[in-house]
Every structure is written in C-alpha cells, then in structure tokens.
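Next comes coords-v7.tsv, a file with TSV, C-alpha atoms and all ligand atoms.
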chain	number	residue	atom	x	y	z
A	1065	MET	CA	0.00	0.00	0.00
A	1066	MET	CA	1.28	3.43	-0.90
A	1067	TYR	CA	2.15	5.69	2.01
A	1068	ASP	CA	-0.58	8.18	1.01
A	1069	GLN	CA	-3.23	5.50	0.89
A	1070	ALA	CA	-2.18	4.09	4.24
A	1071	GLN	CA	-2.34	7.54	5.75
A	1072	GLN	CA	-5.78	8.11	4.25
A	1073	LEU	CA	-7.00	4.81	5.62
A	1074	ARG	CA	-5.64	5.63	9.06
A	1075	ASP	CA	-7.35	9.01	8.96
A	1076	ARG	CA	-10.63	7.39	8.00
A	1077	LEU	CA	-10.40	4.83	10.78
A	1078	MET	CA	-9.49	7.50	13.28
A	1079	ALA	CA	-12.47	9.55	12.11
A	1080	LYS	CA	-14.74	6.58	12.71
A	1081	GLN	CA	-13.46	6.29	16.27
A	1082	GLN	CA	-14.58	9.79	17.17
A	1083	PRO	CA	-17.43	9.77	19.66
A	1084	PRO	CA	-20.65	9.18	17.75
A	1085	ARG	CA	-23.12	12.00	17.52
A	1086	ALA	CA	-26.53	12.47	16.09
A	1087	LYS	CA	-27.22	14.34	12.90
A	1088	THR	CA	-30.06	16.77	13.55
A	1089	ILE	CA	-32.66	17.14	10.82
A	1090	ALA	CA	-35.65	19.51	10.94
A	1091	VAL	CA	-38.67	18.52	8.86
A	1092	ILE	CA	-40.38	21.75	7.82
A	1093	SER	CA	-43.04	23.20	5.53
A	1094	GLY	CA	-44.49	26.55	4.61
A	1095	LYS	CA	-48.13	25.50	4.42
A	1096	GLY	CA	-49.64	23.19	7.03
A	1097	GLY	CA	-51.05	19.74	6.43
A	1098	VAL	CA	-48.71	18.84	3.57
A	1099	GLY	CA	-47.38	15.65	5.18
A	1100	LYS	CA	-44.48	16.66	7.46
A	1101	SER	CA	-45.40	14.40	10.36
A	1102	ASN	CA	-46.10	11.43	8.13
A	1103	PHE	CA	-42.82	11.93	6.32
A	1104	ALA	CA	-40.81	12.49	9.52
A	1105	LEU	CA	-42.24	9.38	11.13
A	1106	ASN	CA	-41.91	7.04	8.18
A	1107	PHE	CA	-38.46	8.31	7.19
A	1108	ALA	CA	-37.41	7.69	10.81
A	1109	LEU	CA	-38.80	4.17	10.65
A	1110	ALA	CA	-37.07	3.49	7.35
A	1111	LEU	CA	-33.77	4.69	8.85
A	1112	ALA	CA	-34.35	2.50	11.91
A	1113	LYS	CA	-34.99	-0.51	9.67
A	1114	ARG	CA	-31.58	0.19	8.17
A	1115	GLN	CA	-29.87	-0.14	11.54
A	1116	GLN	CA	-29.70	3.57	12.25
A	1117	ARG	CA	-30.47	4.78	15.76
A	1118	VAL	CA	-33.19	7.37	15.42
A	1119	LEU	CA	-34.98	9.65	17.84
A	1120	VAL	CA	-37.98	11.70	16.74
A	1121	PHE	CA	-38.72	14.95	18.54
A	1122	ASP	CA	-42.25	16.16	18.04
A	1123	LEU	CA	-41.58	19.89	18.08
A	1124	ASP	CA	-45.08	20.78	16.99
A	1125	ILE	CA	-45.46	21.70	20.62
A	1126	GLY	CA	-49.07	21.81	21.78
A	1127	MET	CA	-50.32	20.33	18.49
A	1128	GLY	CA	-48.10	17.28	18.31
A	1129	ASN	CA	-49.46	14.14	16.77
A	1130	ILE	CA	-46.65	11.61	16.44
A	1131	ASP	CA	-48.31	9.63	19.24
A	1132	ILE	CA	-51.61	9.61	17.31
A	1133	LEU	CA	-49.88	8.54	14.09
A	1134	THR	CA	-48.17	5.65	15.86
A	1135	GLY	CA	-51.19	4.58	17.92
A	1136	SER	CA	-49.08	4.77	21.06
A	1137	SER	CA	-49.81	6.82	24.11
A	1138	ALA	CA	-47.12	9.03	25.54
A	1139	LYS	CA	-46.89	9.33	29.30
A	1140	TYR	CA	-44.85	12.51	29.07
A	1141	ASN	CA	-44.24	15.17	26.48
A	1142	LEU	CA	-41.43	17.64	25.98
A	1143	THR	CA	-42.99	20.30	28.20
A	1144	ASP	CA	-42.80	17.89	31.16
A	1145	LEU	CA	-39.02	18.22	31.08
A	1146	PHE	CA	-39.38	21.34	33.22
A	1147	LYS	CA	-42.67	20.81	34.98
A	1148	SER	CA	-41.71	17.60	36.65
A	1149	GLY	CA	-37.93	17.93	36.77
A	1150	LEU	CA	-37.53	14.83	34.67
A	1151	SER	CA	-34.53	13.94	32.53
A	1152	MET	CA	-34.97	13.90	28.76
A	1153	LYS	CA	-34.70	10.14	28.75
A	1154	ASP	CA	-37.75	9.90	31.01
A	1155	LEU	CA	-39.76	11.54	28.24
A	1156	PHE	CA	-39.09	8.81	25.70
A	1157	THR	CA	-42.03	6.90	24.34
A	1158	HIS	CA	-41.28	3.66	22.58
A	1159	GLY	CA	-43.37	3.31	19.47
A	1160	PRO	CA	-43.48	0.52	16.89
A	1161	GLU	CA	-40.31	-1.10	15.48
A	1162	ALA	CA	-37.96	0.23	18.17
A	1163	LEU	CA	-38.85	3.79	17.26
A	1164	THR	CA	-38.21	6.22	20.09
A	1165	TYR	CA	-39.86	9.59	20.17
A	1166	ILE	CA	-40.59	12.50	22.44
A	1167	ALA	CA	-44.19	13.64	22.14
A	1168	GLY	CA	-45.15	17.26	21.59
A	1169	GLY	CA	-48.25	17.21	23.74
A	1170	SER	CA	-51.48	19.11	23.28
A	1171	GLY	CA	-52.86	22.37	24.56
A	1172	LEU	CA	-51.23	25.74	25.04
A	1173	SER	CA	-47.53	25.75	25.69
A	1174	ASP	CA	-44.72	28.22	26.12
A	1175	PHE	CA	-42.04	25.64	25.43
A	1176	PHE	CA	-40.09	27.93	23.11
A	1177	GLU	CA	-40.07	30.71	25.69
A	1178	LEU	CA	-37.52	29.19	28.03
A	1179	ASP	CA	-35.73	31.18	30.67
A	1180	ASP	CA	-31.94	30.82	30.88
A	1181	GLU	CA	-31.95	28.12	33.51
A	1182	ARG	CA	-34.44	25.93	31.66
A	1183	PHE	CA	-32.70	26.51	28.36
A	1184	GLU	CA	-29.37	25.40	29.85
A	1185	TYR	CA	-31.05	22.32	31.28
A	1186	PHE	CA	-32.59	21.52	27.90
A	1187	LEU	CA	-29.22	21.89	26.17
A	1188	SER	CA	-27.30	19.75	28.65
A	1189	GLN	CA	-29.94	17.03	28.46
A	1190	PHE	CA	-29.97	17.20	24.68
A	1191	ASP	CA	-26.20	16.93	24.57
A	1192	GLN	CA	-26.30	13.77	26.62
A	1193	ILE	CA	-28.90	11.93	24.59
A	1194	ALA	CA	-27.46	13.05	21.23
A	1195	LYS	CA	-24.50	10.76	21.84
A	1196	ALA	CA	-26.68	7.67	21.70
A	1197	TYR	CA	-28.27	8.36	18.30
A	1198	ASP	CA	-27.31	8.56	14.66
A	1199	TYR	CA	-30.23	10.81	13.72
A	1200	ILE	CA	-32.45	13.16	15.65
A	1201	ILE	CA	-35.42	14.24	13.59
A	1202	PHE	CA	-37.49	17.29	14.52
A	1203	ASP	CA	-41.07	17.27	13.31
A	1204	MET	CA	-41.82	20.99	13.25
A	1205	GLY	CA	-45.11	22.82	13.21
A	1206	ALA	CA	-46.14	24.46	9.93
A	1207	GLY	CA	-44.49	27.76	9.02
A	1208	ILE	CA	-42.16	29.41	11.46
A	1209	SER	CA	-42.29	31.43	14.60
A	1210	GLN	CA	-39.38	33.47	15.91
A	1211	ASN	CA	-38.76	30.79	18.52
A	1212	SER	CA	-39.10	27.59	16.57
A	1213	LEU	CA	-36.92	29.18	13.90
A	1214	SER	CA	-33.87	28.80	16.16
A	1215	PHE	CA	-34.36	25.04	16.21
A	1216	ILE	CA	-34.57	24.93	12.43
A	1217	LEU	CA	-31.49	27.10	11.97
A	1218	ALA	CA	-29.48	25.13	14.51
A	1219	ALA	CA	-30.20	21.82	12.79
A	1220	GLU	CA	-27.56	20.54	10.43
A	1221	GLU	CA	-30.09	19.80	7.73
A	1222	ALA	CA	-33.69	20.57	6.97
A	1223	ILE	CA	-36.13	18.64	4.84
A	1224	LEU	CA	-38.76	20.86	3.27
A	1225	ILE	CA	-42.04	19.13	2.49
A	1226	THR	CA	-44.36	20.60	-0.09
A	1227	THR	CA	-47.04	19.43	-2.44
A	1228	HIS	CA	-47.10	20.65	-6.03
A	1229	GLU	CA	-50.15	22.83	-5.42
A	1230	PRO	CA	-49.37	26.49	-6.14
A	1231	THR	CA	-50.34	27.57	-2.59
A	1232	SER	CA	-47.99	25.04	-1.01
A	1233	MET	CA	-45.19	25.90	-3.45
A	1234	THR	CA	-45.54	29.63	-2.76
A	1235	ASP	CA	-45.39	29.05	1.00
A	1236	ALA	CA	-42.42	26.72	0.55
A	1237	TYR	CA	-40.55	29.44	-1.30
A	1238	ALA	CA	-41.45	31.99	1.41
A	1239	ILE	CA	-40.05	29.84	4.22
A	1240	LEU	CA	-36.89	29.10	2.21
A	1241	LYS	CA	-36.36	32.79	1.63
A	1242	HIS	CA	-36.70	33.45	5.32
A	1243	ILE	CA	-34.36	30.64	6.38
A	1244	TYR	CA	-31.64	31.39	3.85
A	1245	ARG	CA	-31.69	35.03	4.89
A	1246	MET	CA	-30.89	33.98	8.46
A	1247	GLU	CA	-28.57	31.03	7.94
A	1248	LYS	CA	-26.58	30.56	4.79
A	1249	GLY	CA	-24.93	27.30	5.80
A	1250	ILE	CA	-27.95	25.06	6.30
A	1251	LYS	CA	-28.42	22.26	3.80
A	1252	ILE	CA	-32.04	22.01	2.73
A	1253	TYR	CA	-33.52	18.98	1.01
A	1254	THR	CA	-36.92	18.99	-0.66
A	1255	VAL	CA	-39.58	16.32	-0.86
A	1256	ILE	CA	-42.57	16.84	-3.14
A	1257	ASN	CA	-45.41	15.01	-1.41
A	1258	ARG	CA	-48.79	13.84	-2.70
A	1259	ALA	CA	-47.64	13.99	-6.32
A	1260	ASN	CA	-50.30	12.97	-8.84
A	1261	SER	CA	-47.55	11.58	-11.04
A	1262	GLN	CA	-43.76	11.36	-11.09
A	1263	GLN	CA	-43.82	13.85	-13.91
A	1264	ALA	CA	-45.87	16.40	-11.93
A	1265	GLY	CA	-43.54	15.90	-8.96
A	1266	ARG	CA	-40.42	16.36	-11.05
A	1267	VAL	CA	-41.76	19.51	-12.71
A	1268	ALA	CA	-42.55	21.01	-9.28
A	1269	MET	CA	-39.14	20.07	-7.90
A	1270	GLU	CA	-37.33	21.61	-10.85
A	1271	ARG	CA	-39.42	24.77	-10.68
A	1272	LEU	CA	-38.65	25.26	-6.99
A	1273	GLN	CA	-34.95	24.53	-7.49
A	1274	LYS	CA	-34.84	27.02	-10.32
A	1275	VAL	CA	-36.45	29.94	-8.48
A	1276	VAL	CA	-34.32	29.28	-5.40
A	1277	GLN	CA	-31.20	29.28	-7.55
A	1278	GLN	CA	-32.25	32.35	-9.50
A	1279	PHE	CA	-33.64	34.61	-6.78
A	1280	LEU	CA	-31.98	33.33	-3.60
A	1281	THR	CA	-28.78	32.04	-5.23
A	1282	ARG	CA	-28.92	28.88	-3.15
A	1283	LYS	CA	-28.80	25.22	-4.05
A	1284	LEU	CA	-31.83	23.23	-3.02
A	1285	TYR	CA	-31.20	19.50	-2.76
A	1286	PRO	CA	-33.91	17.31	-4.29
A	1287	MET	CA	-34.63	14.41	-1.95
A	1288	GLY	CA	-37.48	12.69	-3.71
A	1289	ILE	CA	-41.10	12.51	-4.73
A	1290	LEU	CA	-43.83	10.83	-2.70
A	1291	PRO	CA	-46.96	9.88	-4.61
A	1292	ASP	CA	-50.44	10.69	-3.43
A	1293	ASP	CA	-51.43	7.34	-2.01
A	1294	GLN	CA	-54.80	6.26	-0.57
A	1295	GLN	CA	-52.92	3.84	1.69
A	1296	VAL	CA	-51.47	6.80	3.61
A	1297	MET	CA	-54.94	7.99	4.59
A	1298	LYS	CA	-55.94	4.45	5.54
A	1299	ALA	CA	-52.82	4.08	7.67
A	1300	VAL	CA	-53.49	7.42	9.39
A	1301	ALA	CA	-57.07	6.34	10.11
A	1302	ARG	CA	-55.79	3.09	11.63
A	1303	GLN	CA	-53.06	4.91	13.56
A	1304	VAL	CA	-50.30	2.85	12.02
A	1305	PRO	CA	-47.32	4.45	10.22
A	1306	PHE	CA	-47.90	3.88	6.49
A	1307	LEU	CA	-44.62	2.02	6.13
A	1308	LEU	CA	-45.86	-0.61	8.57
A	1309	HIS	CA	-49.44	-0.57	7.30
A	1310	ASN	CA	-48.34	-1.67	3.85
A	1311	GLN	CA	-44.67	-1.67	3.01
A	1312	HIS	CA	-45.41	-2.24	-0.67
A	1313	SER	CA	-47.74	0.72	-1.16
A	1314	PRO	CA	-46.48	3.43	-3.53
A	1315	ALA	CA	-45.73	5.90	-0.69
A	1316	SER	CA	-43.91	3.22	1.34
A	1317	LYS	CA	-41.77	2.22	-1.64
A	1318	ALA	CA	-40.95	5.88	-2.28
A	1319	VAL	CA	-39.94	6.58	1.31
A	1320	GLN	CA	-37.69	3.52	1.33
A	1321	HIS	CA	-36.10	4.54	-1.92
A	1322	ILE	CA	-35.53	8.07	-0.59
A	1323	THR	CA	-33.96	6.65	2.58
A	1324	ASP	CA	-31.62	4.36	0.63
A	1325	GLN	CA	-30.49	7.24	-1.55
A	1326	TYR	CA	-30.06	9.49	1.46
A	1327	LEU	CA	-27.93	6.94	3.30
A	1328	GLU	CA	-25.79	6.22	0.26
A	1329	ASP	CA	-24.89	9.88	0.15
A	1330	LYS	CA	-24.30	10.19	3.86
A	1331	LEU	CA	-22.49	7.18	5.19
A	1332	ASP	CA	-19.19	8.23	3.81
A	1333	ILE	CA	-19.18	11.65	5.38
A	1334	THR	CA	-16.95	12.32	8.36
A	1335	ARG	CA	-19.27	13.76	10.91
A	1336	PRO	CA	-18.79	17.15	12.52
A	1337	PRO	CA	-18.29	17.42	16.29
A	1338	ALA	CA	-20.94	16.35	18.76
A	1339	THR	CA	-21.85	19.76	20.01
A	1340	SER	CA	-22.74	21.48	16.77
A	1341	PHE	CA	-26.52	21.59	17.30
A	1342	VAL	CA	-26.30	22.65	20.91
A	1343	THR	CA	-23.63	25.25	20.25
A	1344	LYS	CA	-25.57	26.70	17.35
A	1345	LEU	CA	-28.86	26.76	19.19
A	1346	LYS	CA	-27.25	28.48	22.13
A	1347	ARG	CA	-25.75	31.12	19.89
A	1348	LEU	CA	-29.01	31.69	18.02
A	1349	VAL	CA	-31.08	32.02	21.15
A	1350	THR	CA	-28.68	34.22	23.08
A	1351	GLU	CA	-28.13	36.53	20.10
A	1352	ARG	CA	-31.84	37.08	19.65
B	1401	LIG	N1	-48.44	10.83	0.35
B	1401	LIG	C1	-49.70	11.02	0.78
B	1401	LIG	N2	-50.74	10.49	0.10
B	1401	LIG	C2	-52.02	10.71	0.52
B	1401	LIG	N3	-52.34	11.43	1.60
B	1401	LIG	C3	-51.35	11.99	2.31
B	1401	LIG	C4	-49.98	11.81	1.95
B	1401	LIG	N4	-49.21	12.49	2.85
B	1401	LIG	C5	-50.09	13.05	3.72
B	1401	LIG	N5	-51.36	12.75	3.40
B	1401	LIG	C6	-52.59	13.20	4.09
B	1401	LIG	O1	-52.36	14.48	4.65
B	1401	LIG	C7	-52.72	14.49	6.01
B	1401	LIG	C8	-51.81	15.43	6.79
B	1401	LIG	O2	-50.52	14.86	6.92
B	1401	LIG	P1	-49.54	15.26	8.10
B	1401	LIG	O3	-50.27	15.26	9.38
B	1401	LIG	O4	-48.35	14.41	7.97
B	1401	LIG	O5	-49.23	16.76	7.66
B	1401	LIG	P2	-48.40	17.87	8.46
B	1401	LIG	O6	-47.67	18.67	7.44
B	1401	LIG	O7	-47.60	17.24	9.53
B	1401	LIG	O8	-49.57	18.73	9.10
B	1401	LIG	P3	-49.41	19.89	10.22
B	1401	LIG	O9	-48.96	21.11	9.47
B	1401	LIG	O10	-50.81	20.05	10.75
B	1401	LIG	O11	-48.42	19.41	11.22
B	1401	LIG	C9	-52.62	13.04	6.46
B	1401	LIG	O12	-53.49	12.77	7.52
B	1401	LIG	C10	-53.01	12.28	5.21
B	1401	LIG	O13	-54.42	12.12	5.15
B	1402	MG	MG	-47.54	17.64	11.63
Go ahead and express the file in the form of structure tokens.
Ligand SMILES: Nc1ncnc2c1ncn2[C@@H]1O[C@H](COP(=O)(O)OP(=O)(O)OP(=O)(O)O)[C@@H](O)[C@H]1O
Ligand SMILES: [Mg+2]
Amino acid sequence: MMYDQAQQLRDRLMAKQQPPRAKTIAVISGKGGVGKSNFALNFALALAKRQQRVLVFDLDIGMGNIDILTGSSAKYNLTDLFKSGLSMKDLFTHGPEALTYIAGGSGLSDFFELDDERFEYFLSQFDQIAKAYDYIIFDMGAGISQNSLSFILAAEEAILITTHEPTSMTDAYAILKHIYRMEKGIKIYTVINRANSQQAGRVAMERLQKVVQQFLTRKLYPMGILPDDQQVMKAVARQVPFLLHNQHSPASKAVQHITDQYLEDKLDITRPPATSFVTKLKRLVTER
C-alpha cells in the first residue's frame, strides 16, 4: 500500500473512532397539512430498519401528533421536562419497530419561551442523549415562529415538504427565503409530497430549485417525490405508520427509496463534532 493511501485509511479509521453523535434534521413546511409528520415518522422508521439509531422529537409543541400517528400513548411530552424535573430520557415513548420519540403534547404551551436556567437544562440534556443516536429528527409545526426558527437554523439539515399545489409551493418558497436570509450554511432537502404523477412531482421540484437558484442564489437539494397514495390515509385512520401498514404501497416504496439514496450519500461523510446543534442553538437564542 502506498504511504498516502495508508495515511488516508488511518485518517478514516481514526475519524470513525470519534465519539458518535446524532445528525439533527428539521422537517419543515411553509403551508400546514402537507405531510411533514407522516414523512418524519416514516423516514425515521425506514432509517431505523436500516440499523440507524433514530430519535424523533415532536416539536409541533401543543399540536403534536406523532403519538396519534403511531397509535401509542405518551406518558410525558417535551414540556414535562421542566414541569416535573424529569430527565430527557424519562420523556421517551417507545413506538413501533424500536422507534423512540418525544411527544409534543397538546394544549397551550410556552415551550419555546424558556428562561436561561431551563434553556441550559434543555441543552445539557440534549447533549447527553445526542451521543446515543445517529439521527435526531425534529417534526416541526407548519411555518415558522421566531422561537421555533432557532431550532430549524441550529439543525444541520432541513427537509422541506411541499405538495405541487401552487399555494404550497408559494409558502415553501417563502419559508426558504426566510431561512436562507438567516442562515446561509444550512443544507435544505426537498420532498414533493402527494404527487399525482412522477412527472408532476419532477416539474414542481425543478421549478422550486430554479427559483431558489435564481432569486436566492442557493442550491436546493432534491430528496425525492412521494406519490399521493390512498394507503397513507388508511394508515393514518388506523393509527399505524404507512410504512408498517403496507410496506409495498407506492408511498412506502418511495420513502424507502428516498432513505436508501439518502444513506448512500451520507455514510461516507466524516461527521462534525458532537456539540454542533447545541452550540448553534445556544448562539441563536442568546443573540436574539
Ligand atoms: N403521500 C400522501 N398520500 C395521501 N395522503 C397523504 C400523503 N401524505 C399526507 N397525506 C394526508 O395528509 C394528512 C396530513 O398529513 P400530516 O399530518 O403528515 O401533515 P403535516 O404537514 O404534519 O400537518 P401539520 O402542518 O398540521 O403538522 C394526512 O393525515 C393524510 O391524510
Ligand atoms: Mg404535523
């Protein structure tokens, strides 16, 4: 083996020995009801089926529905972290197929309005659990508020969900414009959901990529197209994630394909240090 190659191999092995840390991904949309929660949940399940350790955070605080979509009942939700002095691990609910999530709860909440002490507690708890996962996926509420925005900007990646309807596309562009204005470094993927055909999905994807490139001078990463699929509605009605309801349905096949492609791209990447999300969030919140 050439010296250079040996050195490269050593570097790679050393990189692999760094303490593991979770990649944080925020699932976002402009318009509501376009399929964020369903995508976040089923993408998480598909990753878990591929031996990735995944934690889903329902950050649609007060309106969360990951528990409803999985047919499991959560004893605690994220807001209990402060109310009851629990640790973040105590908030875990174990859903189907070894999926772990933290519920968002229902009712009014001021979760994003944390005082310094609570915020520090949240960060230290987050730091601890992040070491045990490969991916932490945030299912966000629709649109953005000043407070939830920090979580999106602090994430390493975001996945924007939109349908090809003009209203959804317009709102998708609006949220992208807002995010890119605040944080130039974030990598944003796009999923076109509920596509009537591959062709319609592709056209919408290309159109969005084009306007983002032209007017925001940013690169939007196409992640994939999910077909409109009756089986999704049936799965939601039965409170079973669609991937488990029927793994051969068009939407299930698409989400698995998207996950395979995503992992192929990712597995080779040397991961940045463990604290990146926490450090970024801290900076964003304290600078506000
Ligand atoms: N690929 C699909 N095919 C058919 N129906 C779908 C698909 N994706 C989502 N839906 C329908 O859209 C509904 C809303 O989906 P979901 O709750 O995931 O959206 P959301 O973006 O998380 O909504 P919110 O903004 O309220 O959080 C689902 O209950 C389902 O009926
Ligand atoms: Mg949702």
Could you list the protein, DNA and RNA residues that have any atom within 8 Å of ligand LIG 1401 (chain B), counting only C-alpha atoms and all ligand atoms, and write them as an MDAnalysis selection string?
chainID A and resid 1092:1093 1095:1104 1124 1127:1129 1203:1206 1225 1257:1259 1290:1298 1300:1301 1315
ask   = Got a sec: who's within 12 Å of Leu1142 (chain A), counting all atoms listed in the file, leaving out chain neighbours fewer than 2 positions off, as a PyMOL selection string?
value = chain A and resi 1120-1128+1138-1140+1144-1157+1165-1170+1173-1176+1186+1189-1190
request  = Rank nothing, just name the residue among A:Gln1262, A:Thr1350, A:Glu1221, A:Ala1086 nearest to Asp1191 (chain A), using all atoms listed in the file.
outcome  =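 Closest candidate: A:Ala1086.
Comparing the minimum interatomic distances between Arg1182 (chain A) and each of A:Thr1143, A:Thr1227, A:Lys1317, A:Leu1119, counting all atoms listed in the file, we find that A:Thr1143 sits nearest.
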Between CA of Gln1263 (chain A) and CA of Gly1288 (chain A), measure the distance and give it in Å to one decimal.
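Separation of CA of Gln1263 (chain A) and CA of Gly1288 (chain A): 12.1 Å.
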Checklist entry - Please, which residues are within 7 Å of (-34.1, 14.8, 2.4) by the file's coordinates, counting all atoms listed in the file, and could they come as a list in words? => result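 Here is the list of nearby residues: Ile1223, Tyr1253, Thr1254, Val1255, Met1287 and Tyr1326 of chain A.
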Mind writing the picked residues with C-alpha atoms as a PDB file, in the coordinates of the input?
ATOM      1  CA  ILE A1223     -36.130  18.640   4.840  1.00  0.00           C
ATOM      2  CA  TYR A1253     -33.520  18.980   1.010  1.00  0.00           C
ATOM      3  CA  THR A1254     -36.920  18.990  -0.660  1.00  0.00           C
ATOM      4  CA  VAL A1255     -39.580  16.320  -0.860  1.00  0.00           C
ATOM      5  CA  MET A1287     -34.630  14.410  -1.950  1.00  0.00           C
ATOM      6  CA  TYR A1326     -30.060   9.490   1.460  1.00  0.00           C
TER       7      TYR A1326
END
